[in-house]
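Asks: File name upload24.cif; file contents mmCIF, C-alpha atoms and all ligand atoms; full text below.
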```cif
data_work
#
loop_
_atom_site.group_PDB
_atom_site.id
_atom_site.type_symbol
_atom_site.label_atom_id
_atom_site.label_comp_id
_atom_site.auth_asym_id
_atom_site.auth_seq_id
_atom_site.Cartn_x
_atom_site.Cartn_y
_atom_site.Cartn_z
ATOM 1 C CA MET J 417 -17.403 -19.426 13.650
ATOM 2 C CA ASP J 418 -20.506 -17.359 14.305
ATOM 3 C CA SER J 419 -19.747 -15.670 17.597
ATOM 4 C CA LEU J 420 -20.413 -12.248 16.013
ATOM 5 C CA ALA J 421 -23.477 -13.251 13.986
ATOM 6 C CA GLY J 422 -25.928 -10.379 13.648
ATOM 7 C CA LYS J 423 -23.378 -7.751 14.717
ATOM 8 C CA VAL J 424 -22.764 -4.645 12.620
ATOM 9 C CA ALA J 425 -19.056 -3.784 12.557
ATOM 10 C CA VAL J 426 -17.374 -0.648 11.230
ATOM 11 C CA VAL J 427 -13.586 -0.783 10.921
ATOM 12 C CA PHE J 428 -11.802 2.498 10.264
ATOM 13 C CA GLY J 429 -8.433 1.794 8.670
ATOM 14 C CA GLY J 430 -9.781 -1.583 7.575
ATOM 15 C CA SER J 431 -8.028 -1.620 4.192
ATOM 16 C CA SER J 432 -4.582 -2.543 5.508
ATOM 17 C CA ASN J 433 -2.560 -4.549 8.016
ATOM 18 C CA ILE J 434 -4.149 -4.410 11.525
ATOM 19 C CA GLY J 435 -7.579 -3.068 10.536
ATOM 20 C CA LEU J 436 -7.807 -5.480 7.616
ATOM 21 C CA ALA J 437 -7.007 -8.479 9.825
ATOM 22 C CA ILE J 438 -9.676 -7.391 12.316
ATOM 23 C CA ALA J 439 -12.220 -6.913 9.523
ATOM 24 C CA GLN J 440 -11.405 -10.345 8.070
ATOM 25 C CA ARG J 441 -11.723 -11.994 11.476
ATOM 26 C CA PHE J 442 -14.979 -10.246 12.391
ATOM 27 C CA ALA J 443 -16.482 -11.185 9.020
ATOM 28 C CA ARG J 444 -15.433 -14.829 9.466
ATOM 29 C CA GLU J 445 -17.143 -14.741 12.860
ATOM 30 C CA GLY J 446 -20.411 -13.664 11.230
ATOM 31 C CA ALA J 447 -20.399 -9.861 11.605
ATOM 32 C CA SER J 448 -21.607 -7.595 8.842
ATOM 33 C CA VAL J 449 -18.460 -5.553 8.162
ATOM 34 C CA THR J 450 -17.826 -2.151 6.569
ATOM 35 C CA VAL J 451 -14.218 -1.067 6.129
ATOM 36 C CA VAL J 452 -13.445 2.636 5.939
ATOM 37 C CA ALA J 453 -10.389 4.449 4.572
ATOM 38 C CA ARG J 454 -9.391 6.940 1.843
ATOM 39 C CA ASN J 455 -7.861 4.932 -1.010
ATOM 40 C CA GLU J 456 -10.564 3.225 -3.094
ATOM 41 C CA ASP J 457 -8.312 0.676 -4.831
ATOM 42 C CA ASN J 458 -7.064 -0.586 -1.499
ATOM 43 C CA LEU J 459 -10.602 -0.708 -0.129
ATOM 44 C CA GLN J 460 -11.766 -2.739 -3.130
ATOM 45 C CA HIS J 461 -8.941 -5.229 -2.619
ATOM 46 C CA ALA J 462 -9.794 -5.324 1.067
ATOM 47 C CA VAL J 463 -13.459 -6.252 0.571
ATOM 48 C CA GLU J 464 -12.414 -8.926 -1.940
ATOM 49 C CA SER J 465 -10.150 -10.479 0.665
ATOM 50 C CA ILE J 466 -12.694 -10.068 3.484
ATOM 51 C CA GLY J 467 -15.621 -11.529 1.495
ATOM 52 C CA HIS J 468 -18.837 -12.288 3.409
ATOM 53 C CA ASP J 469 -20.671 -9.391 1.672
ATOM 54 C CA SER J 470 -18.408 -6.835 3.305
ATOM 55 C CA LYS J 471 -18.701 -3.233 2.173
ATOM 56 C CA TYR J 472 -16.424 -0.231 2.037
ATOM 57 C CA ALA J 473 -16.729 3.531 2.415
ATOM 58 C CA LEU J 474 -14.400 6.342 1.434
ATOM 59 C CA VAL J 475 -13.938 8.625 4.431
ATOM 60 C CA ASP J 476 -11.100 10.755 5.741
ATOM 61 C CA ILE J 477 -11.342 10.349 9.500
ATOM 62 C CA ALA J 478 -9.719 13.750 9.949
ATOM 63 C CA VAL J 479 -12.589 15.525 8.169
ATOM 64 C CA ASP J 480 -15.634 16.051 10.369
ATOM 65 C CA GLU J 481 -18.199 16.406 7.549
ATOM 66 C CA GLU J 482 -17.065 13.156 5.924
ATOM 67 C CA VAL J 483 -17.348 11.174 9.150
ATOM 68 C CA ALA J 484 -20.745 12.708 9.949
ATOM 69 C CA LYS J 485 -22.009 11.875 6.446
ATOM 70 C CA PHE J 486 -20.807 8.288 6.744
ATOM 71 C CA PHE J 487 -22.625 7.626 10.019
ATOM 72 C CA GLU J 488 -25.799 9.522 9.121
ATOM 73 C CA PRO J 489 -27.605 6.682 7.247
ATOM 74 C CA LEU J 490 -26.443 3.903 9.593
ATOM 75 C CA GLU J 491 -29.114 2.663 11.953
ATOM 76 C CA ARG J 492 -26.945 0.687 14.347
ATOM 77 C CA ILE J 493 -23.297 -0.015 15.077
ATOM 78 C CA ASP J 494 -22.358 -2.868 17.433
ATOM 79 C CA LEU J 495 -18.609 -2.916 16.946
ATOM 80 C CA LEU J 496 -16.681 0.291 16.237
ATOM 81 C CA VAL J 497 -12.986 -0.256 15.517
ATOM 82 C CA ASN J 498 -10.551 2.621 15.037
ATOM 83 C CA CYS J 499 -7.310 1.643 13.325
ATOM 84 C CA ALA J 500 -6.954 4.531 10.892
ATOM 85 C CA GLY J 501 -3.811 6.586 10.870
ATOM 86 C CA SER J 502 -0.135 6.640 10.164
ATOM 87 C CA PHE J 503 3.065 7.505 12.031
ATOM 88 C CA LEU J 504 6.134 9.662 11.691
ATOM 89 C CA PHE J 505 9.501 9.798 13.394
ATOM 90 C CA GLY J 506 11.748 12.775 13.939
ATOM 91 C CA ALA J 507 13.733 14.833 16.401
ATOM 92 C CA VAL J 508 11.805 17.400 18.396
ATOM 93 C CA ASP J 509 13.947 20.244 17.028
ATOM 94 C CA GLU J 510 13.662 19.053 13.429
ATOM 95 C CA VAL J 511 10.046 17.982 12.848
ATOM 96 C CA PRO J 512 7.724 20.991 12.565
ATOM 97 C CA VAL J 513 5.026 20.857 15.234
ATOM 98 C CA SER J 514 2.415 21.062 12.489
ATOM 99 C CA GLU J 515 3.436 17.535 11.404
ATOM 100 C CA TRP J 516 2.721 16.165 14.884
ATOM 101 C CA GLU J 517 -0.591 18.043 14.769
ATOM 102 C CA ASP J 518 -1.325 16.299 11.476
ATOM 103 C CA LEU J 519 -0.672 12.968 13.190
ATOM 104 C CA PHE J 520 -3.032 13.830 16.052
ATOM 105 C CA GLY J 521 -5.712 14.805 13.499
ATOM 106 C CA PRO J 522 -6.664 11.265 12.458
ATOM 107 C CA ARG J 523 -5.145 9.264 15.303
ATOM 108 C CA PHE J 524 -6.516 11.176 18.283
ATOM 109 C CA PHE J 525 -9.282 13.515 17.119
ATOM 110 C CA GLY J 526 -10.298 11.059 14.384
ATOM 111 C CA GLN J 527 -10.953 8.373 16.992
ATOM 112 C CA MET J 528 -12.842 10.830 19.171
ATOM 113 C CA ARG J 529 -14.831 11.925 16.108
ATOM 114 C CA THR J 530 -15.993 8.405 15.196
ATOM 115 C CA CYS J 531 -17.128 7.922 18.803
ATOM 116 C CA HIS J 532 -18.961 11.251 18.703
ATOM 117 C CA TYR J 533 -21.044 10.202 15.708
ATOM 118 C CA ALA J 534 -21.328 6.460 16.420
ATOM 119 C CA VAL J 535 -22.251 6.417 20.111
ATOM 120 C CA PRO J 536 -25.862 7.651 19.608
ATOM 121 C CA LYS J 537 -26.369 4.645 17.326
ATOM 122 C CA MET J 538 -24.683 2.075 19.563
ATOM 123 C CA PRO J 539 -27.102 -0.119 21.538
ATOM 124 C CA ALA J 540 -26.458 -1.630 24.963
ATOM 125 C CA GLY J 541 -23.905 -4.411 24.577
ATOM 126 C CA SER J 542 -21.925 -2.696 21.846
ATOM 127 C CA VAL J 543 -18.170 -2.167 21.884
ATOM 128 C CA ILE J 544 -15.702 0.552 20.913
ATOM 129 C CA MET J 545 -12.065 -0.321 20.222
ATOM 130 C CA LEU J 546 -9.523 2.466 20.032
ATOM 131 C CA CYS J 547 -5.946 1.993 18.864
ATOM 132 C CA SER J 548 -2.817 3.444 20.483
ATOM 133 C CA GLY J 549 0.651 1.846 20.580
ATOM 134 C CA VAL J 550 3.523 0.773 22.848
ATOM 135 C CA ALA J 551 5.121 4.209 22.728
ATOM 136 C CA ALA J 552 2.650 5.332 25.412
ATOM 137 C CA LYS J 553 4.504 3.122 27.911
ATOM 138 C CA SER J 554 7.975 2.510 26.410
ATOM 139 C CA ALA J 555 9.872 5.551 25.211
ATOM 140 C CA ILE J 556 11.085 5.522 21.599
ATOM 141 C CA VAL J 557 13.717 8.014 20.445
ATOM 142 C CA ASN J 558 12.413 10.588 17.952
ATOM 143 C CA TYR J 559 8.778 9.731 18.598
ATOM 144 C CA ALA J 560 7.723 12.363 21.130
ATOM 145 C CA GLY J 561 4.554 13.393 19.294
ATOM 146 C CA GLY J 562 3.512 9.805 18.551
ATOM 147 C CA ALA J 563 4.108 8.725 22.143
ATOM 148 C CA GLY J 564 2.034 11.665 23.346
ATOM 149 C CA LEU J 565 -0.877 10.711 21.161
ATOM 150 C CA CYS J 566 -0.704 7.030 22.182
ATOM 151 C CA GLY J 567 -0.868 8.103 25.832
ATOM 152 C CA ALA J 568 -3.743 10.441 25.035
ATOM 153 C CA VAL J 569 -5.685 7.621 23.352
ATOM 154 C CA ASN J 570 -5.106 5.307 26.339
ATOM 155 C CA SER J 571 -6.469 7.987 28.657
ATOM 156 C CA MET J 572 -9.406 8.731 26.384
ATOM 157 C CA GLY J 573 -10.293 5.027 26.339
ATOM 158 C CA LYS J 574 -10.503 4.857 30.135
ATOM 159 C CA GLN J 575 -12.539 8.043 30.348
ATOM 160 C CA LEU J 576 -14.982 6.846 27.700
ATOM 161 C CA ALA J 577 -15.298 3.452 29.383
ATOM 162 C CA LEU J 578 -16.407 5.216 32.557
ATOM 163 C CA GLU J 579 -18.684 7.620 30.714
ATOM 164 C CA LEU J 580 -20.383 4.963 28.599
ATOM 165 C CA ALA J 581 -20.660 2.144 31.154
ATOM 166 C CA PRO J 582 -24.154 3.269 32.244
ATOM 167 C CA ARG J 583 -25.230 2.865 28.608
ATOM 168 C CA GLU J 584 -23.638 -0.618 28.556
ATOM 169 C CA ILE J 585 -21.196 0.374 25.846
ATOM 170 C CA ARG J 586 -17.741 -1.067 26.511
ATOM 171 C CA VAL J 587 -14.617 0.847 25.478
ATOM 172 C CA ASN J 588 -11.123 -0.656 25.243
ATOM 173 C CA VAL J 589 -7.797 0.198 23.660
ATOM 174 C CA LEU J 590 -5.694 -2.050 21.447
ATOM 175 C CA SER J 591 -2.041 -1.132 21.958
ATOM 176 C CA PRO J 592 0.112 -2.814 19.305
ATOM 177 C CA GLY J 593 3.839 -3.280 19.373
ATOM 178 C CA LEU J 594 5.625 -3.640 16.037
ATOM 179 C CA ILE J 595 3.104 -5.386 13.763
ATOM 180 C CA MET J 596 3.903 -6.466 10.216
ATOM 181 C CA ASP J 597 2.081 -8.768 7.841
ATOM 182 C CA PRO J 598 3.746 -12.089 6.909
ATOM 183 C CA GLU J 599 4.867 -10.853 3.467
ATOM 184 C CA ALA J 600 6.491 -7.747 4.947
ATOM 185 C CA GLN J 601 8.232 -9.856 7.590
ATOM 186 C CA LYS J 602 9.476 -12.309 4.968
ATOM 187 C CA THR J 603 10.942 -9.604 2.761
ATOM 188 C CA LEU J 604 12.352 -7.473 5.583
ATOM 189 C CA HIS J 605 16.117 -7.144 5.158
ATOM 190 C CA LEU J 606 17.322 -5.906 8.505
ATOM 191 C CA ASP J 607 20.863 -5.594 7.175
ATOM 192 C CA LEU J 608 19.885 -2.708 4.855
ATOM 193 C CA PRO J 609 20.596 0.816 6.186
ATOM 194 C CA GLU J 610 17.008 1.953 5.508
ATOM 195 C CA ASN J 611 15.780 -0.677 7.971
ATOM 196 C CA GLU J 612 17.958 0.510 10.851
ATOM 197 C CA LEU J 613 14.995 1.843 12.820
ATOM 198 C CA ARG J 614 13.088 -1.441 12.481
ATOM 199 C CA ARG J 615 16.218 -3.361 13.553
ATOM 200 C CA GLU J 616 16.529 -1.177 16.654
ATOM 201 C CA LEU J 617 12.859 -1.653 17.484
ATOM 202 C CA ILE J 618 12.987 -5.448 17.026
ATOM 203 C CA GLU J 619 16.016 -5.596 19.348
ATOM 204 C CA ARG J 620 13.769 -4.189 22.096
ATOM 205 C CA ILE J 621 11.130 -6.919 21.757
ATOM 206 C CA PRO J 622 11.692 -9.747 24.269
ATOM 207 C CA MET J 623 10.138 -12.247 21.843
ATOM 208 C CA GLY J 624 12.676 -11.093 19.261
ATOM 209 C CA ARG J 625 10.301 -10.588 16.346
ATOM 210 C CA PRO J 626 7.434 -8.393 15.129
ATOM 211 C CA GLY J 627 3.880 -9.538 15.651
ATOM 212 C CA PHE J 628 1.330 -10.334 12.949
ATOM 213 C CA PRO J 629 -1.908 -8.408 12.262
ATOM 214 C CA GLU J 630 -3.827 -11.544 13.284
ATOM 215 C CA ASP J 631 -2.368 -11.181 16.792
ATOM 216 C CA ILE J 632 -4.206 -7.866 17.119
ATOM 217 C CA ALA J 633 -7.333 -9.378 15.550
ATOM 218 C CA GLU J 634 -7.236 -12.005 18.299
ATOM 219 C CA ALA J 635 -7.161 -9.231 20.911
ATOM 220 C CA ALA J 636 -10.021 -7.464 19.106
ATOM 221 C CA MET J 637 -12.063 -10.676 19.281
ATOM 222 C CA PHE J 638 -11.496 -10.770 23.026
ATOM 223 C CA PHE J 639 -12.818 -7.215 23.344
ATOM 224 C CA ALA J 640 -15.743 -8.023 21.053
ATOM 225 C CA THR J 641 -16.840 -11.041 23.068
ATOM 226 C CA CYS J 642 -15.825 -10.571 26.723
ATOM 227 C CA ASP J 643 -18.817 -8.846 28.283
ATOM 228 C CA TYR J 644 -16.912 -7.791 31.408
ATOM 229 C CA ALA J 645 -13.933 -6.159 29.645
ATOM 230 C CA THR J 646 -14.011 -2.379 29.619
ATOM 231 C CA GLY J 647 -11.536 0.405 30.325
ATOM 232 C CA MET J 648 -8.639 -1.837 29.338
ATOM 233 C CA VAL J 649 -5.472 -1.076 27.425
ATOM 234 C CA LEU J 650 -4.252 -4.350 25.953
ATOM 235 C CA ASP J 651 -0.550 -4.367 25.028
ATOM 236 C CA VAL J 652 -0.043 -6.903 22.263
ATOM 237 C CA ASP J 653 3.654 -6.380 21.809
ATOM 238 C CA GLY J 654 5.770 -9.527 22.285
ATOM 239 C CA GLY J 655 6.639 -8.301 25.780
ATOM 240 C CA TRP J 656 8.023 -4.923 24.696
ATOM 241 C CA THR J 657 6.340 -2.962 27.477
ATOM 242 C CA THR J 658 7.758 -5.280 30.154
ATOM 243 C CA THR J 659 11.194 -3.733 29.664
HETATM 244 N N1 LIG E 701 1.758 -1.604 12.710
HETATM 245 C C1 LIG E 701 2.369 -1.236 13.818
HETATM 246 O O1 LIG E 701 3.490 -1.694 14.118
HETATM 247 C C2 LIG E 701 1.712 -0.267 14.756
HETATM 248 C C3 LIG E 701 2.223 -0.121 16.046
HETATM 249 C C4 LIG E 701 1.613 0.770 16.917
HETATM 250 C C5 LIG E 701 0.528 1.515 16.487
HETATM 251 N N2 LIG E 701 0.065 1.365 15.221
HETATM 252 C C6 LIG E 701 -1.074 2.166 14.789
HETATM 253 O O2 LIG E 701 -2.154 1.308 14.543
HETATM 254 C C7 LIG E 701 -2.932 1.795 13.452
HETATM 255 C C8 LIG E 701 -2.995 0.727 12.369
HETATM 256 O O3 LIG E 701 -1.670 0.372 12.002
HETATM 257 P P1 LIG E 701 -1.358 -0.379 10.642
HETATM 258 O O4 LIG E 701 0.012 -0.887 10.700
HETATM 259 O O5 LIG E 701 -2.474 -1.307 10.337
HETATM 260 O O6 LIG E 701 -1.388 0.853 9.626
HETATM 261 P P2 LIG E 701 -1.485 0.847 8.031
HETATM 262 O O7 LIG E 701 -1.172 -0.484 7.465
HETATM 263 O O8 LIG E 701 -0.684 2.015 7.574
HETATM 264 O O9 LIG E 701 -3.028 1.141 7.766
HETATM 265 C C9 LIG E 701 -3.577 2.341 8.130
HETATM 266 C C10 LIG E 701 -5.024 2.344 7.702
HETATM 267 O O10 LIG E 701 -5.600 3.600 8.070
HETATM 268 C C11 LIG E 701 -6.148 4.232 6.895
HETATM 269 N N3 LIG E 701 -6.019 5.660 7.081
HETATM 270 C C12 LIG E 701 -4.887 6.377 7.277
HETATM 271 N N4 LIG E 701 -5.174 7.675 7.421
HETATM 272 C C13 LIG E 701 -6.532 7.774 7.324
HETATM 273 C C14 LIG E 701 -7.444 8.852 7.378
HETATM 274 N N5 LIG E 701 -7.026 10.109 7.569
HETATM 275 N N6 LIG E 701 -8.756 8.593 7.248
HETATM 276 C C15 LIG E 701 -9.216 7.326 7.053
HETATM 277 N N7 LIG E 701 -8.390 6.273 6.992
HETATM 278 C C16 LIG E 701 -7.070 6.492 7.120
HETATM 279 C C17 LIG E 701 -5.324 3.658 5.739
HETATM 280 O O11 LIG E 701 -5.975 3.734 4.492
HETATM 281 P P3 LIG E 701 -5.890 5.051 3.539
HETATM 282 O O12 LIG E 701 -4.442 5.465 3.536
HETATM 283 O O13 LIG E 701 -6.395 4.570 2.227
HETATM 284 O O14 LIG E 701 -6.776 6.061 4.141
HETATM 285 C C18 LIG E 701 -5.212 2.214 6.192
HETATM 286 O O15 LIG E 701 -6.428 1.526 5.949
HETATM 287 C C19 LIG E 701 -2.242 3.064 12.970
HETATM 288 O O16 LIG E 701 -2.819 4.177 13.587
HETATM 289 C C20 LIG E 701 -0.819 2.872 13.459
HETATM 290 O O17 LIG E 701 -0.119 4.080 13.596
HETATM 291 C C21 LIG E 701 0.627 0.485 14.349
#
```
Give the structure from the file, written as structure tokens.
Replies:
Amino acid sequence: MDSLAGKVAVVFGGSSNIGLAIAQRFAREGASVTVVARNEDNLQHAVESIGHDSKYALVDIAVDEEVAKFFEPLERIDLLVNCAGSFLFGAVDEVPVSEWEDLFGPRFFGQMRTCHYAVPKMPAGSVIMLCSGVAAKSAIVNYAGGAGLCGAVNSMGKQLALELAPREIRVNVLSPGLIMDPEAQKTLHLDLPENELRRELIERIPMGRPGFPEDIAEAAMFFATCDYATGMVLDVDGGWTTT
């Protein structure tokens, strides 16, 4: 369990669900992990669950000065993981465009921003992981803005892979389907009206169930350790994007 020994990992969005599972896995594999998000209580709980001398930092990925200040004292980053962000659903004629812009802020420009500040400190052999989502490839009703940003992240990943290959920095995109932690899956009552959207989404998954955060952590480990993997978009989605 030391395949990442000596690696310095920074996980944006590492206080919850997907980012937390990646941070836990990387720490178990020997990396020195810092998780980054905005809510300090959640970050404290996260580092307790990650252990292995993990650290946390309070940063809003949408705010340039905060991201710059975070990276400034770091000497080296080997593994940069971007899982920060949220989502919203709504009809194109109902959701104000400013709300989609607010989604792009952290989830597209935030990911570009972390790359902007981290890349000068990333040595040959280091890895960037971006995060998009199935909506880039499989249309979801009332998710036009989210689908657009997922597609934009997939494209950005390929462009950056090309741009950074001469510096031996690999860039790949994790594209999750519906991912819920075990507790959330256990307590999910699909019969309740407020869970209608989740029910509809689960009906579209060939495997018939959501995935677990550890499934994405497994994909992140592949990106972290496969020296020939770059420019990839990895759909970890129970087969959703096959339909
Ligand atoms: N779970 C899924 O089914 C799924 C599917 C496709 C795509 N995705 C995308 O994958 C990413 C991770 O998903 P998830 O389910 O793990 O989300 P999550 O449980 O909601 O966690 C999001 C993480 O991002 C942090 N965050 C949010 N906004 C931030 C900001 N402006 N600056 C810094 N940190 C911020 C959150 O902490 P704070 O709130 O404390 O900042 C939290 O640590 C998200 O972008 C999500 O939209 C998820």
Asks: Hey, which bits of chain J sit within 6 Å of ligand LIG 701 (chain E), and for each residue what's the closest pair of atoms and how far apart in Å (one decimal), counting all atoms listed in the file, rows by chain and increasing number, as JSON lines?
Replies:
```
{"residue": "J:Gly429", "atom": "CA", "partner": "E:LIG701", "partner_atom": "O15", "distance": 3.4}
{"residue": "J:Gly430", "atom": "CA", "partner": "E:LIG701", "partner_atom": "O15", "distance": 4.9}
{"residue": "J:Ser431", "atom": "CA", "partner": "E:LIG701", "partner_atom": "O15", "distance": 3.9}
{"residue": "J:Ser432", "atom": "CA", "partner": "E:LIG701", "partner_atom": "O7", "distance": 4.4}
{"residue": "J:Asn433", "atom": "CA", "partner": "E:LIG701", "partner_atom": "O5", "distance": 4.0}
{"residue": "J:Ile434", "atom": "CA", "partner": "E:LIG701", "partner_atom": "O5", "distance": 3.7}
{"residue": "J:Gly435", "atom": "CA", "partner": "E:LIG701", "partner_atom": "O5", "distance": 5.4}
{"residue": "J:Ala453", "atom": "CA", "partner": "E:LIG701", "partner_atom": "N7", "distance": 3.6}
{"residue": "J:Arg454", "atom": "CA", "partner": "E:LIG701", "partner_atom": "O14", "distance": 3.6}
{"residue": "J:Asn455", "atom": "CA", "partner": "E:LIG701", "partner_atom": "O13", "distance": 3.6}
{"residue": "J:Val475", "atom": "CA", "partner": "E:LIG701", "partner_atom": "C15", "distance": 5.6}
{"residue": "J:Asp476", "atom": "CA", "partner": "E:LIG701", "partner_atom": "N6", "distance": 3.5}
{"residue": "J:Ile477", "atom": "CA", "partner": "E:LIG701", "partner_atom": "N6", "distance": 3.9}
{"residue": "J:Ala478", "atom": "CA", "partner": "E:LIG701", "partner_atom": "N5", "distance": 5.1}
{"residue": "J:Cys499", "atom": "CA", "partner": "E:LIG701", "partner_atom": "C7", "distance": 4.4}
{"residue": "J:Ala500", "atom": "CA", "partner": "E:LIG701", "partner_atom": "O10", "distance": 3.3}
{"residue": "J:Gly501", "atom": "CA", "partner": "E:LIG701", "partner_atom": "C12", "distance": 3.8}
{"residue": "J:Ser502", "atom": "CA", "partner": "E:LIG701", "partner_atom": "O17", "distance": 4.3}
{"residue": "J:Phe503", "atom": "CA", "partner": "E:LIG701", "partner_atom": "O17", "distance": 4.9}
{"residue": "J:Pro522", "atom": "CA", "partner": "E:LIG701", "partner_atom": "N5", "distance": 5.0}
{"residue": "J:Arg523", "atom": "CA", "partner": "E:LIG701", "partner_atom": "O16", "distance": 5.9}
{"residue": "J:Cys547", "atom": "CA", "partner": "E:LIG701", "partner_atom": "O2", "distance": 5.8}
{"residue": "J:Ser548", "atom": "CA", "partner": "E:LIG701", "partner_atom": "C5", "distance": 5.6}
{"residue": "J:Gly549", "atom": "CA", "partner": "E:LIG701", "partner_atom": "C4", "distance": 3.9}
{"residue": "J:Pro592", "atom": "CA", "partner": "E:LIG701", "partner_atom": "C4", "distance": 4.6}
{"residue": "J:Gly593", "atom": "CA", "partner": "E:LIG701", "partner_atom": "C3", "distance": 4.9}
{"residue": "J:Leu594", "atom": "CA", "partner": "E:LIG701", "partner_atom": "O1", "distance": 3.5}
{"residue": "J:Ile595", "atom": "CA", "partner": "E:LIG701", "partner_atom": "O1", "distance": 3.7}
{"residue": "J:Met596", "atom": "CA", "partner": "E:LIG701", "partner_atom": "N1", "distance": 5.9}
```
Asks: Deliver the residues from the most recent selection as a file, using C-alpha atoms, as a JSON list (two decimals), in the frame of the given file.
Replies:
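Full text of part_12.json as output:
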```json
[["chain", "number", "residue", "atom", "x", "y", "z"],
["J", 429, "GLY", "CA", -8.43, 1.79, 8.67],
["J", 430, "GLY", "CA", -9.78, -1.58, 7.58],
["J", 431, "SER", "CA", -8.03, -1.62, 4.19],
["J", 432, "SER", "CA", -4.58, -2.54, 5.51],
["J", 433, "ASN", "CA", -2.56, -4.55, 8.02],
["J", 434, "ILE", "CA", -4.15, -4.41, 11.52],
["J", 435, "GLY", "CA", -7.58, -3.07, 10.54],
["J", 453, "ALA", "CA", -10.39, 4.45, 4.57],
["J", 454, "ARG", "CA", -9.39, 6.94, 1.84],
["J", 455, "ASN", "CA", -7.86, 4.93, -1.01],
["J", 475, "VAL", "CA", -13.94, 8.62, 4.43],
["J", 476, "ASP", "CA", -11.10, 10.76, 5.74],
["J", 477, "ILE", "CA", -11.34, 10.35, 9.50],
["J", 478, "ALA", "CA", -9.72, 13.75, 9.95],
["J", 499, "CYS", "CA", -7.31, 1.64, 13.32],
["J", 500, "ALA", "CA", -6.95, 4.53, 10.89],
["J", 501, "GLY", "CA", -3.81, 6.59, 10.87],
["J", 502, "SER", "CA", -0.14, 6.64, 10.16],
["J", 503, "PHE", "CA", 3.06, 7.50, 12.03],
["J", 522, "PRO", "CA", -6.66, 11.26, 12.46],
["J", 523, "ARG", "CA", -5.14, 9.26, 15.30],
["J", 547, "CYS", "CA", -5.95, 1.99, 18.86],
["J", 548, "SER", "CA", -2.82, 3.44, 20.48],
["J", 549, "GLY", "CA", 0.65, 1.85, 20.58],
["J", 592, "PRO", "CA", 0.11, -2.81, 19.30],
["J", 593, "GLY", "CA", 3.84, -3.28, 19.37],
["J", 594, "LEU", "CA", 5.62, -3.64, 16.04],
["J", 595, "ILE", "CA", 3.10, -5.39, 13.76],
["J", 596, "MET", "CA", 3.90, -6.47, 10.22]]
```
Asks: Tell me which of J:Leu504, J:Ile621, J:Met637, J:Val452 sits closest to Gly562 in chain J, counting only C-alpha atoms.
Replies: J:Leu504
Asks: Within 12 Å of (-16.0, -1.2, 8.8) (file coordinates; only C-alpha atoms), which protein or nucleic acid residues are there? I'd like them as a VMD selection string.
Replies: chain J and resid 423 to 432 435 to 443 447 to 453 459 462 to 463 466 469 to 475 486 to 487 490 493 to 500 530
Asks: Would you compute the distance between CA of Trp656 in chain J and CA of Lys574 in chain J? Give it in Å to one decimal.
Replies: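 For CA of Trp656 in chain J relative to CA of Lys574 in chain J, the distance reads 21.6 Å.
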Asks: Taking 6 positions as the minimum chain separation for residues in the same chain, which residues sit within 12 Å of Tyr644 in chain J when counting all atoms listed in the file? Answer as a PyMOL selection string.
Replies: chain J and resi 541-543+577+581+584-588+638
Asks: How about saving the chosen residues, C-alpha atoms kept, as a tab-separated table (two decimals), in the coordinates of the input?
Replies:
```
chain	number	residue	atom	x	y	z
J	541	GLY	CA	-23.90	-4.41	24.58
J	542	SER	CA	-21.92	-2.70	21.85
J	543	VAL	CA	-18.17	-2.17	21.88
J	577	ALA	CA	-15.30	3.45	29.38
J	581	ALA	CA	-20.66	2.14	31.15
J	584	GLU	CA	-23.64	-0.62	28.56
J	585	ILE	CA	-21.20	0.37	25.85
J	586	ARG	CA	-17.74	-1.07	26.51
J	587	VAL	CA	-14.62	0.85	25.48
J	588	ASN	CA	-11.12	-0.66	25.24
J	638	PHE	CA	-11.50	-10.77	23.03
```
Asks: So, with only C-alpha atoms as the atoms that count, which of J:Ser554, J:Pro609, J:Glu488, J:Ile544 lies closest to Cys531 in chain J?
Replies: J:Ile544
Asks: Which distance in Å separates CA of Leu519 in chain J and CA of Glu630 in chain J, to one decimal?
Replies: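 Rounded to one decimal, the two atoms are 24.7 Å apart.
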Asks: Measuring between only C-alpha atoms, which one of J:Met623, J:Pro582, J:Asn570, J:Pro489 shows the shortest distance to Lys537 in chain J?
Replies: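 Answer, going by the shortest atom-to-atom distance: J:Pro489.
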Asks: Could you model N, CA and C atoms for range 481-487 of chain J and present them as a tab-separated table (two decimals), in the frame of the given file?
Replies:
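The new file part35.tsv reads:
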```
chain	number	residue	atom	x	y	z
J	481	GLU	N	-17.01	16.56	8.40
J	481	GLU	CA	-18.20	16.41	7.55
J	481	GLU	C	-18.25	15.01	6.93
J	482	GLU	N	-17.09	14.48	6.56
J	482	GLU	CA	-17.07	13.16	5.92
J	482	GLU	C	-17.48	12.07	6.92
J	483	VAL	N	-17.01	12.19	8.14
J	483	VAL	CA	-17.35	11.17	9.15
J	483	VAL	C	-18.84	11.27	9.49
J	484	ALA	N	-19.32	12.51	9.64
J	484	ALA	CA	-20.74	12.71	9.95
J	484	ALA	C	-21.62	12.11	8.85
J	485	LYS	N	-21.23	12.36	7.59
J	485	LYS	CA	-22.01	11.88	6.45
J	485	LYS	C	-22.01	10.34	6.38
J	486	PHE	N	-20.88	9.76	6.76
J	486	PHE	CA	-20.81	8.29	6.74
J	486	PHE	C	-21.78	7.67	7.75
J	487	PHE	N	-21.80	8.23	8.97
J	487	PHE	CA	-22.62	7.63	10.02
J	487	PHE	C	-24.12	7.94	9.85
```
